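Engineer: So here's protein.cif (mmCIF, C-alpha atoms and all ligand atoms).
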data_data
#
loop_
_atom_site.label_atom_id
_atom_site.label_comp_id
_atom_site.auth_asym_id
_atom_site.auth_seq_id
_atom_site.Cartn_x
_atom_site.Cartn_y
_atom_site.Cartn_z
CA MET A 5 -23.17 -2.73 -19.22
CA ARG A 6 -22.86 0.15 -16.82
CA PHE A 7 -20.54 0.11 -13.85
CA ASN A 8 -20.37 2.44 -10.88
CA GLU A 9 -18.71 5.79 -11.66
CA THR A 10 -16.49 5.34 -8.61
CA LEU A 11 -14.73 2.37 -10.26
CA LYS A 12 -13.10 4.78 -12.72
CA ASN A 13 -10.87 6.15 -9.97
CA ILE A 14 -9.72 2.83 -8.60
CA LYS A 15 -6.37 1.27 -9.29
CA THR A 16 -6.30 -2.47 -8.70
CA TYR A 17 -4.10 -3.35 -5.74
CA GLU A 18 -0.89 -5.01 -6.78
CA ALA A 19 0.00 -7.71 -4.29
CA GLY A 20 3.54 -8.96 -3.76
CA LYS A 21 4.42 -11.48 -6.45
CA PRO A 22 3.81 -15.08 -5.46
CA ILE A 23 6.51 -17.75 -5.79
CA GLU A 24 4.35 -19.63 -8.32
CA LEU A 25 4.52 -16.69 -10.73
CA VAL A 26 8.31 -16.60 -10.68
CA VAL A 27 8.38 -20.35 -11.30
CA ARG A 28 6.08 -19.98 -14.31
CA GLU A 29 7.62 -16.84 -15.80
CA PHE A 30 11.32 -17.47 -15.29
CA GLY A 31 11.47 -21.24 -14.97
CA ILE A 32 13.29 -21.04 -11.64
CA GLU A 33 13.03 -23.98 -9.24
CA PRO A 34 10.68 -23.14 -6.35
CA GLU A 35 13.44 -24.01 -3.82
CA ARG A 36 15.68 -21.38 -5.41
CA ILE A 37 13.13 -18.61 -4.95
CA VAL A 38 13.35 -16.24 -2.03
CA LYS A 39 10.22 -14.22 -1.32
CA LEU A 40 10.93 -11.04 0.60
CA ALA A 41 8.08 -8.95 -0.71
CA SER A 42 5.00 -9.24 1.51
CA ASN A 43 6.34 -8.97 5.07
CA GLU A 44 5.27 -12.45 6.07
CA ASN A 45 6.99 -14.14 8.99
CA PRO A 46 9.93 -15.97 7.35
CA TYR A 47 10.09 -18.43 10.26
CA GLY A 48 6.72 -19.85 9.29
CA THR A 49 3.74 -20.56 11.49
CA PRO A 50 3.54 -21.43 15.21
CA GLN A 51 3.49 -25.23 15.59
CA LYS A 52 0.36 -25.06 17.74
CA ALA A 53 -1.50 -23.28 14.95
CA LYS A 54 -0.60 -26.00 12.45
CA GLU A 55 -1.80 -28.68 14.84
CA ALA A 56 -5.04 -26.84 15.52
CA VAL A 57 -5.74 -26.59 11.80
CA VAL A 58 -5.18 -30.30 11.24
CA LYS A 59 -7.53 -31.11 14.07
CA ALA A 60 -10.21 -28.66 12.94
CA ALA A 61 -10.10 -30.06 9.40
CA ARG A 62 -12.56 -32.69 10.65
CA ARG A 63 -15.14 -29.91 10.94
CA MET A 64 -14.63 -28.48 7.48
CA HIS A 65 -18.07 -29.50 6.25
CA LEU A 66 -19.71 -27.38 8.96
CA TYR A 67 -20.06 -23.61 8.86
CA PRO A 68 -17.75 -21.79 11.28
CA ASP A 69 -18.91 -20.56 14.69
CA ASP A 70 -20.25 -17.22 13.55
CA SER A 71 -20.02 -15.73 17.03
CA MET A 72 -16.26 -16.43 16.91
CA HIS A 73 -16.58 -16.99 20.61
CA GLU A 74 -13.23 -18.68 21.25
CA LEU A 75 -11.02 -16.29 19.31
CA LYS A 76 -12.88 -13.29 20.70
CA ARG A 77 -12.36 -14.57 24.20
CA ALA A 78 -8.66 -15.13 23.58
CA LEU A 79 -8.15 -11.70 22.02
CA SER A 80 -10.19 -9.95 24.72
CA GLN A 81 -8.06 -11.61 27.36
CA ARG A 82 -4.86 -10.73 25.57
CA PHE A 83 -5.75 -7.05 25.38
CA GLY A 84 -7.83 -6.71 28.53
CA ILE A 85 -10.88 -5.53 26.58
CA GLU A 86 -14.49 -6.69 26.26
CA PRO A 87 -15.54 -8.98 23.38
CA LYS A 88 -18.03 -6.32 22.32
CA GLU A 89 -15.11 -3.97 21.69
CA LEU A 90 -13.77 -6.32 19.05
CA ILE A 91 -14.56 -7.23 15.45
CA ILE A 92 -12.73 -9.98 13.57
CA GLY A 93 -12.26 -9.90 9.82
CA ALA A 94 -10.80 -11.93 6.96
CA GLY A 95 -7.57 -10.03 7.44
CA SER A 96 -7.50 -6.58 9.00
CA ASP A 97 -8.13 -5.51 5.44
CA GLN A 98 -11.73 -6.59 5.77
CA VAL A 99 -12.14 -4.47 8.90
CA LEU A 100 -10.73 -1.51 6.94
CA GLU A 101 -13.34 -2.16 4.30
CA PHE A 102 -16.12 -2.20 6.92
CA CYS A 103 -14.89 1.17 8.21
CA ALA A 104 -14.88 2.69 4.74
CA ARG A 105 -18.36 1.42 3.98
CA ALA A 106 -19.67 2.52 7.36
CA VAL A 107 -18.45 6.10 7.09
CA LEU A 108 -17.66 7.09 3.52
CA ASN A 109 -19.69 8.27 0.54
CA PRO A 110 -18.98 10.74 -2.30
CA LYS A 111 -19.49 13.71 0.04
CA THR A 112 -16.81 12.63 2.51
CA LYS A 113 -13.04 12.94 2.79
CA VAL A 114 -10.23 10.76 4.01
CA LEU A 115 -6.87 12.00 5.28
CA MET A 116 -3.73 9.88 5.03
CA SER A 117 0.01 10.12 4.64
CA ARG A 118 1.41 10.58 1.14
CA ILE A 119 3.20 7.26 1.40
CA THR A 120 1.30 4.64 3.34
CA PHE A 121 -0.61 1.37 2.99
CA ALA A 122 -2.18 1.43 -0.49
CA MET A 123 -5.50 -0.10 0.55
CA TYR A 124 -6.58 3.03 2.45
CA GLU A 125 -6.87 4.92 -0.79
CA ILE A 126 -8.52 2.04 -2.64
CA TYR A 127 -11.28 1.61 -0.05
CA ALA A 128 -11.85 5.37 0.00
CA ALA A 129 -12.12 5.41 -3.80
CA GLN A 130 -14.58 2.50 -3.74
CA GLN A 131 -16.92 4.71 -1.72
CA GLY A 132 -16.27 7.71 -3.95
CA ALA A 133 -14.72 9.66 -1.07
CA LYS A 134 -12.13 12.36 -1.62
CA VAL A 135 -8.59 11.52 -0.57
CA ILE A 136 -6.40 14.17 1.08
CA LYS A 137 -2.72 13.32 1.45
CA SER A 138 -0.05 14.97 3.55
CA SER A 139 2.96 16.25 1.61
CA CYS A 140 5.48 14.80 4.02
CA TYR A 141 6.24 11.15 3.40
CA ARG A 142 6.34 10.33 7.08
CA HIS A 143 3.40 10.91 9.40
CA ASN A 144 3.93 14.54 10.23
CA LEU A 145 1.07 15.01 12.68
CA ASP A 146 1.47 18.77 12.76
CA GLU A 147 0.78 18.81 9.06
CA PHE A 148 -2.02 16.27 9.61
CA TYR A 149 -3.60 18.64 12.10
CA LYS A 150 -3.47 21.56 9.68
CA LEU A 151 -5.05 19.42 6.96
CA TYR A 152 -7.65 18.26 9.43
CA GLN A 153 -8.59 21.86 10.22
CA THR A 154 -8.80 22.79 6.54
CA HIS A 155 -10.60 19.73 5.18
CA ARG A 156 -12.49 18.24 8.12
CA PRO A 157 -12.01 14.64 6.96
CA ASP A 158 -14.38 11.86 8.02
CA ILE A 159 -11.67 9.23 8.37
CA ILE A 160 -8.01 9.75 9.29
CA HIS A 161 -5.56 6.90 8.67
CA ILE A 162 -2.52 6.52 10.88
CA CYS A 163 -0.27 3.58 10.14
CA THR A 164 2.30 3.00 12.87
CA PRO A 165 4.72 1.52 12.13
CA ASN A 166 4.08 2.71 8.61
CA ASN A 167 4.11 0.43 5.61
CA PRO A 168 6.07 0.82 3.27
CA THR A 169 8.50 3.11 5.09
CA GLY A 170 8.96 1.24 8.38
CA ASP A 171 9.09 4.29 10.65
CA ALA A 172 6.88 4.50 13.75
CA LEU A 173 5.35 7.29 15.80
CA ASP A 174 6.08 7.96 19.45
CA ARG A 175 2.99 7.21 21.50
CA ASP A 176 2.97 10.60 23.24
CA TYR A 177 3.15 12.43 19.92
CA LEU A 178 0.25 10.40 18.55
CA TYR A 179 -1.83 10.88 21.70
CA ASP A 180 -1.32 14.67 21.58
CA PHE A 181 -2.70 14.62 18.06
CA LEU A 182 -5.62 12.34 18.91
CA ALA A 183 -6.61 14.57 21.81
CA LYS A 184 -7.24 17.36 19.28
CA VAL A 185 -9.40 15.48 16.75
CA GLU A 186 -12.73 14.40 18.08
CA GLU A 187 -15.20 13.97 15.22
CA PRO A 188 -13.56 11.80 12.55
CA LEU A 189 -13.01 8.08 12.81
CA VAL A 190 -9.27 7.69 13.34
CA ILE A 191 -7.94 4.30 12.30
CA VAL A 192 -4.64 3.38 13.93
CA ASP A 193 -3.20 0.48 11.93
CA GLY A 194 -0.81 -1.54 14.08
CA ALA A 195 -0.08 -4.36 11.61
CA TYR A 196 3.59 -4.28 12.74
CA MET A 197 3.02 -3.13 16.32
CA GLU A 198 4.49 -6.30 17.85
CA TYR A 199 7.82 -5.46 16.21
CA ALA A 200 7.80 -1.79 17.18
CA ALA A 201 6.82 -2.51 20.79
CA PHE A 202 9.75 -4.92 21.08
CA LYS A 203 12.30 -2.53 19.61
CA GLU A 204 11.21 0.71 21.25
CA PRO A 205 8.71 0.77 24.14
CA LYS A 206 7.83 4.41 23.57
CA LYS A 207 6.44 3.45 20.14
CA ALA A 208 4.15 0.79 21.65
CA ILE A 209 0.44 1.51 21.41
CA ASP A 210 -1.74 -0.49 23.77
CA PRO A 211 -5.21 -0.93 22.21
CA LYS A 212 -6.99 -0.91 25.56
CA ASP A 213 -5.37 2.32 26.66
CA LEU A 214 -5.96 3.81 23.22
CA ILE A 215 -9.70 3.15 23.09
CA GLN A 216 -10.23 4.11 26.72
CA LYS A 217 -8.73 7.51 26.02
CA PHE A 218 -10.25 8.08 22.58
CA GLY A 219 -13.81 7.11 21.71
CA ASN A 220 -13.37 7.88 18.00
CA VAL A 221 -10.35 5.64 17.44
CA LEU A 222 -10.25 2.13 16.02
CA TYR A 223 -7.10 0.02 16.42
CA LEU A 224 -6.31 -2.54 13.73
CA GLY A 225 -4.27 -5.67 14.34
CA THR A 226 -3.45 -8.69 12.20
CA PHE A 227 -2.26 -12.29 12.39
CA SER A 228 -0.62 -12.01 8.98
CA LYS A 229 2.73 -10.61 10.05
CA ALA A 230 4.42 -11.49 13.39
CA TYR A 231 1.93 -14.33 14.04
CA GLY A 232 2.86 -16.11 10.84
CA LEU A 233 -0.64 -16.60 9.43
CA GLY A 234 -0.61 -14.54 6.22
CA GLY A 235 -2.27 -17.38 4.34
CA MET A 236 -5.15 -17.68 6.80
CA ARG A 237 -6.54 -14.13 6.56
CA VAL A 238 -7.36 -13.11 10.11
CA GLY A 239 -7.28 -9.58 11.50
CA TYR A 240 -9.23 -7.53 14.02
CA GLY A 241 -10.46 -4.10 14.95
CA ILE A 242 -10.66 -2.82 18.53
CA ALA A 243 -12.79 0.20 19.42
CA GLN A 244 -15.47 1.35 21.80
CA GLU A 245 -18.73 -0.51 21.42
CA PRO A 246 -20.68 2.15 19.46
CA ILE A 247 -18.15 1.89 16.60
CA ILE A 248 -17.99 -1.92 16.63
CA GLU A 249 -21.77 -2.13 16.67
CA GLN A 250 -21.98 -0.16 13.40
CA LEU A 251 -19.25 -2.20 11.71
CA TYR A 252 -21.08 -5.40 12.62
CA LYS A 253 -23.96 -4.37 10.38
CA LEU A 254 -21.65 -4.68 7.39
CA ARG A 255 -20.05 -8.00 8.28
CA PRO A 256 -21.10 -10.89 6.07
CA PRO A 257 -21.93 -14.05 8.01
CA PHE A 258 -19.11 -16.57 8.42
CA ASN A 259 -16.52 -14.06 7.21
CA VAL A 260 -13.66 -15.97 8.87
CA THR A 261 -13.22 -19.68 8.20
CA THR A 262 -13.11 -22.36 10.88
CA LEU A 263 -9.48 -23.13 10.08
CA SER A 264 -8.49 -19.48 10.30
CA LEU A 265 -10.27 -19.01 13.62
CA VAL A 266 -8.57 -21.98 15.27
CA ALA A 267 -5.19 -21.12 13.77
CA ALA A 268 -5.35 -17.57 15.14
CA GLY A 269 -6.44 -18.76 18.58
CA ALA A 270 -3.57 -21.24 18.76
CA ALA A 271 -1.04 -18.72 17.44
CA LEU A 272 -1.99 -16.33 20.25
CA GLU A 273 -0.99 -19.02 22.74
CA ASP A 274 2.42 -19.52 21.18
CA GLU A 275 4.01 -16.36 22.51
CA GLU A 276 7.43 -17.93 22.47
CA PHE A 277 7.32 -18.40 18.69
CA VAL A 278 6.32 -14.80 18.15
CA ARG A 279 8.93 -13.44 20.55
CA GLN A 280 11.71 -15.49 18.97
CA SER A 281 10.65 -14.46 15.47
CA ILE A 282 10.82 -10.81 16.48
CA GLU A 283 14.21 -11.20 18.16
CA LYS A 284 15.65 -12.93 15.13
CA ASN A 285 14.08 -10.28 12.91
CA PHE A 286 15.99 -7.46 14.55
CA ALA A 287 19.24 -9.43 14.68
CA GLN A 288 18.92 -9.88 10.91
CA MET A 289 17.80 -6.26 10.50
CA ASP A 290 21.26 -5.24 11.79
CA ARG A 291 22.78 -7.02 8.83
CA TYR A 292 20.57 -4.96 6.50
CA VAL A 293 21.71 -1.77 8.19
CA GLN A 294 25.36 -2.85 7.86
CA TYR A 295 24.80 -3.75 4.21
CA ALA A 296 23.29 -0.35 3.47
CA LEU A 297 26.18 1.42 5.17
CA LYS A 298 28.70 -0.69 3.29
CA ARG A 299 27.04 -0.02 -0.09
CA GLY A 300 26.27 3.62 0.67
CA LEU A 301 22.52 3.10 0.35
CA GLU A 302 20.12 5.39 2.13
CA PHE A 303 17.61 3.66 4.37
CA ILE A 304 14.83 4.50 6.80
CA GLU A 305 15.16 3.22 10.37
CA SER A 306 12.60 0.43 10.60
CA TYR A 307 10.42 -0.77 13.47
CA THR A 308 8.98 -3.64 11.42
CA ASN A 309 10.01 -6.85 9.67
CA PHE A 310 11.05 -5.02 6.50
CA ILE A 311 13.52 -2.32 5.55
CA THR A 312 13.26 0.30 2.85
CA TYR A 313 16.39 1.07 0.86
CA ILE A 314 16.29 4.32 -1.05
CA LEU A 315 18.37 3.98 -4.19
CA PRO A 316 20.47 6.73 -5.76
CA GLN A 317 18.63 8.55 -8.56
CA GLN A 318 20.67 7.01 -11.36
CA ILE A 319 19.71 3.47 -10.31
CA SER A 320 16.05 2.68 -10.95
CA SER A 321 14.47 0.65 -8.17
CA LYS A 322 12.02 -0.77 -10.66
CA GLU A 323 14.86 -2.08 -12.79
CA VAL A 324 16.74 -3.47 -9.78
CA ALA A 325 13.60 -5.24 -8.54
CA GLY A 326 13.13 -6.71 -12.05
CA LYS A 327 16.73 -7.96 -12.13
CA LEU A 328 16.40 -9.51 -8.69
CA LEU A 329 13.17 -11.20 -9.76
CA ARG A 330 14.90 -12.88 -12.71
CA ARG A 331 17.44 -14.18 -10.19
CA GLY A 332 14.64 -15.61 -8.09
CA VAL A 333 14.59 -12.96 -5.36
CA ILE A 334 11.26 -11.18 -4.93
CA VAL A 335 11.33 -7.72 -3.31
CA ARG A 336 8.91 -4.83 -3.47
CA ASP A 337 9.63 -1.90 -5.76
CA LEU A 338 8.17 1.35 -4.42
CA THR A 339 8.12 3.31 -7.68
CA GLY A 340 4.33 3.21 -7.60
CA TYR A 341 4.45 5.04 -4.26
CA GLY A 342 6.61 7.78 -5.75
CA LEU A 343 9.80 6.50 -4.13
CA ASN A 344 12.87 5.20 -5.93
CA ALA A 345 13.20 2.55 -3.28
CA LEU A 346 12.98 -1.14 -2.50
CA ARG A 347 11.06 -2.57 0.40
CA ILE A 348 12.68 -5.79 1.50
CA THR A 349 11.17 -8.16 4.05
CA ILE A 350 13.78 -9.29 6.58
CA GLY A 351 14.12 -13.01 5.87
CA THR A 352 15.83 -15.93 7.56
CA PRO A 353 19.65 -15.74 7.74
CA GLU A 354 19.92 -17.93 4.61
CA GLN A 355 17.38 -15.89 2.66
CA ASN A 356 19.21 -12.72 3.61
CA ASP A 357 22.58 -14.17 2.53
CA ARG A 358 21.04 -14.80 -0.85
CA LEU A 359 19.52 -11.32 -1.07
CA PHE A 360 22.83 -9.66 -0.24
CA SER A 361 24.80 -11.67 -2.78
CA GLU A 362 22.26 -11.17 -5.58
CA LEU A 363 21.85 -7.48 -4.79
CA ASP A 364 25.64 -7.07 -4.76
CA GLU A 365 25.85 -8.52 -8.24
CA VAL A 366 22.98 -6.41 -9.54
CA LEU A 367 24.31 -3.17 -8.04
CA ASP A 368 27.84 -3.88 -9.26
CA GLY A 369 26.44 -3.73 -12.79
CA TYR A 370 25.76 0.01 -12.43
C1 LIG A 401 -0.26 -6.37 5.90
C2 LIG A 401 -0.96 -5.12 6.32
C3 LIG A 401 -2.32 -5.07 6.59
C4 LIG A 401 -3.30 -6.14 6.24
O1 LIG A 401 -3.11 -7.29 6.76
P1 LIG A 401 -4.20 -8.45 6.62
O2 LIG A 401 -3.41 -9.56 6.04
O3 LIG A 401 -5.32 -7.99 5.76
O4 LIG A 401 -4.60 -8.64 8.02
C5 LIG A 401 -2.88 -3.91 7.05
N1 LIG A 401 -2.14 -2.83 7.21
C6 LIG A 401 -0.84 -2.82 6.94
C7 LIG A 401 -0.09 -1.57 7.13
C8 LIG A 401 -0.20 -3.95 6.47
O5 LIG A 401 1.08 -3.92 6.15
#
In structure tokens, what does this structure look like?

Structural biologist:
Amino acid sequence: MRFNETLKNIKTYEAGKPIELVVREFGIEPERIVKLASNENPYGTPQKAKEAVVKAARRMHLYPDDSMHELKRALSQRFGIEPKELIIGAGSDQVLEFCARAVLNPKTKVLMSRITFAMYEIYAAQQGAKVIKSSCYRHNLDEFYKLYQTHRPDIIHICTPNNPTGDALDRDYLYDFLAKVEEPLVIVDGAYMEYAAFKEPKKAIDPKDLIQKFGNVLYLGTFSKAYGLGGMRVGYGIAQEPIIEQLYKLRPPFNVTTLSLVAAGAALEDEEFVRQSIEKNFAQMDRYVQYALKRGLEFIESYTNFITYILPQQISSKEVAGKLLRRGVIVRDLTGYGLNALRITIGTPEQNDRLFSELDEVLDGY
């Protein structure tokens, strides 16, 4: 059998470990397991979304509304854009994939930060495109601009706030950069934008304003994080119509299920749930900052629902993550990103109590 050459350069994406795996491998009771590894909303799902799903279950035997009329209307209203400036995917991941397939081939290049969302590189590799990474581990847009001038990439990825570091760009700084790059498709991934906009208004990127100013930019949003729908797989891209029109050619029919569509629509209406989740997130984030200060751990100021602790060299983050896992606490080790660090999703107060006590015990062993 012969597979595509491009597959040789692709590493399989390693998702955060599911609770079921920890149950199977370590025999820990599911109730004793705390999952702080995938940046889901620890407060669950908006009540309205659950109700909408139960109701829509009656229509499960029918294909979804492929025009996605209702959710498009709701999203367009929310952002003050036109439905034709919007594409909805099975997670924003699917929209990323459309972008890669629409633009990339083995003759093209993609520019991204050295440490950023792993899927950017995987989708680029699937198309055989060359990946250029900045040397700085934050988004240094001055360096990005230099690399842009040298390499003339076809796609530029900007993740703000950035996963897995948690830092976010100031809007003005980003806009100055965008004003200078006209040809490539620039993808601004705002998976955690709701958090950043709450914490620091000058980090807030408004999709409508963004696409009005820049015709080559696509904004990505998701229901998987603040909206509490990680299990439903709904995300969206917002851009001027000529971009959306091209992406539509790559969209498989019925790419978002009926249940996911209604859940996302209902979640959008439950602003109170989202606002409260974000407020609680930052109240709990303070505890993580205090913990880091108390234990002398380095951390990156975060505008998201996770925090990244950089461990001292003599303590391996991989080992610490393994020890926490055996105690039933799942966090994300960033060794694979070239950082001796742990990315920890900010949980509920109880989950965080547990994390702090287990981490204390693990760190005391060094
Ligand atoms: C979680 C995440 C996504 C993807 O979310 P979907 O669940 O596919 O919508 C995209 N970008 C970043 C930076 C993320 O952290």

Engineer: Using only C-alpha atoms and all ligand atoms, what are the residues with an atom within 6 Å of ligand LIG 401 (chain A), set out as a list in words?

Structural biologist: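 So, counting only C-alpha atoms and all ligand atoms, the residues near ligand LIG 401 (chain A) are Gly95, Ser96, Asp97, Phe121, Cys163, Asn167, Asp193, Ala195, Thr226, Ser228, Gly234, Arg237, Val238 and Gly239 of chain A.
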
Engineer: Select, counting only C-alpha atoms, all protein, DNA and RNA residues no farther than 10 Å from (-8.9, 3.6, 2.8) in file coordinates, and express the selection as an MDAnalysis selection string.

Structural biologist: chainID A and resid 97 100:101 103:105 108 114:116 121:131 133 135 159:161 191

Engineer: Using all atoms of stretch 274-287 of chain A listed in the file and a margin of 8 Å per side, can you give the axis-aligned box centre and edge lengths in Å to one decimal, as JSON?

Structural biologist:
{"center_x": 10.8, "center_y": -13.5, "center_z": 17.7, "size_x": 32.8, "size_y": 28.1, "size_z": 25.6}

Engineer: Quick one, how far is atom CA of A:Ile215 from atom CA of A:Gly241?

Structural biologist: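 So the two atoms, atom CA of A:Ile215 and atom CA of A:Gly241, lie 10.9 Å apart.
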
Engineer: Determine, counting only C-alpha atoms, which protein, DNA and RNA residues have an atom within 9 Å of an atom of A:Ser320; residues of the same chain fewer than 3 positions away are not included. Present the result as a list in words.

Structural biologist: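 Non-adjacent residues within range: Leu315, Pro316, Gln317, Glu323, Val324, Ala325, Thr339, Asn344 and Ala345 of chain A.
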
Engineer: Closest to A:Ala53 among A:Tyr307, A:Tyr196, A:Tyr292, A:Phe277, using only C-alpha atoms?

Structural biologist: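 Once distances to A:Ala53 are computed over only C-alpha atoms, the minimum belongs to A:Phe277.
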
Engineer: What's the separation between atom CA of A:Arg347 and atom CA of A:Thr49, in Å to one decimal place?

Structural biologist: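 The value is 22.4 Å.
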
Engineer: Excluding A:Pro205 and any residue of its chain fewer than 5 positions from it, enumerate the residues within 12 Å of it, using all atoms listed in the file, and give them as a PDB file with C-alpha atoms, keeping the file's coordinate frame.

Structural biologist:
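Ended up saving to out13.pdb:
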ATOM      1  CA  ALA A 172       6.880   4.500  13.750  1.00  0.00           C
ATOM      2  CA  LEU A 173       5.350   7.290  15.800  1.00  0.00           C
ATOM      3  CA  ASP A 174       6.080   7.960  19.450  1.00  0.00           C
ATOM      4  CA  ARG A 175       2.990   7.210  21.500  1.00  0.00           C
ATOM      5  CA  ASP A 176       2.970  10.600  23.240  1.00  0.00           C
ATOM      6  CA  MET A 197       3.020  -3.130  16.320  1.00  0.00           C
ATOM      7  CA  GLU A 198       4.490  -6.300  17.850  1.00  0.00           C
ATOM      8  CA  TYR A 199       7.820  -5.460  16.210  1.00  0.00           C
ATOM      9  CA  ALA A 200       7.800  -1.790  17.180  1.00  0.00           C
ATOM     10  CA  ASP A 210      -1.740  -0.490  23.770  1.00  0.00           C
ATOM     11  CA  TYR A 307      10.420  -0.770  13.470  1.00  0.00           C
TER      12      TYR A 307
END

Engineer: Rounded to one decimal in Å, what is the spacing between atom CA of A:Asp357 and atom CA of A:Tyr295?

Structural biologist: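 Computing the Euclidean distance for atom CA of A:Asp357 and atom CA of A:Tyr295 yields 10.8 Å.
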
Engineer: Given the choices A:Pro110, A:Gly351, A:Pro165, A:Gly369, which gets closest to A:Ile334 if the distance is worked out from all atoms listed in the file?

Structural biologist: A:Gly351

Engineer: Quick one: everything within 10 Å of A:Leu40, counting only C-alpha atoms, minus sequence neighbours fewer than 3 positions away in the same chain. Send it as a count of residues only.

Structural biologist: 21

Engineer: From the set A:Thr308, A:Gly132, A:Leu145, A:Gln81, which residue has the shortest atom-to-atom contact distance to A:Glu204, counting only C-alpha atoms?

Structural biologist: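 Using only C-alpha atoms, the shortest distance to A:Glu204 belongs to A:Thr308.
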
Engineer: Kindly assemble as JSON lines a list of the stretch 158-207 of chain A residues that lie within 12 Å of stretch 243-250 of chain A, each paired with its nearest atom pair and their distance in Å to one decimal, using only C-alpha atoms, sorted first by chain and then by ascending residue number.

Structural biologist:
{"residue": "A:Pro188", "atom": "CA", "partner": "A:Ile247", "partner_atom": "CA", "distance": 11.6}
{"residue": "A:Leu189", "atom": "CA", "partner": "A:Ile247", "partner_atom": "CA", "distance": 8.9}
{"residue": "A:Val190", "atom": "CA", "partner": "A:Ala243", "partner_atom": "CA", "distance": 10.3}
{"residue": "A:Ile191", "atom": "CA", "partner": "A:Ala243", "partner_atom": "CA", "distance": 9.5}
{"residue": "A:Val192", "atom": "CA", "partner": "A:Ala243", "partner_atom": "CA", "distance": 10.3}

Engineer: Counting all atoms listed in the file, which of A:Gln51, A:Asn220, A:Asn285, A:Thr154 gets nearest to A:Glu273?

Structural biologist: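 That would be A:Gln51, the residue with the smallest distance to A:Glu273.
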
Engineer: When you count all atoms listed in the file, which of these residues is closest to A:Ala78: A:Leu25, A:Leu265, A:Val57, A:Lys203?

Structural biologist: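 That would be A:Leu265, the residue with the smallest distance to A:Ala78.
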
Engineer: Using only C-alpha atoms, which of the listed residues (A:Tyr231, A:Ile91, A:Thr16, A:Val185) sits closest to A:Phe148?

Structural biologist: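 Looking at the shortest contact to A:Phe148, the residue is A:Val185.
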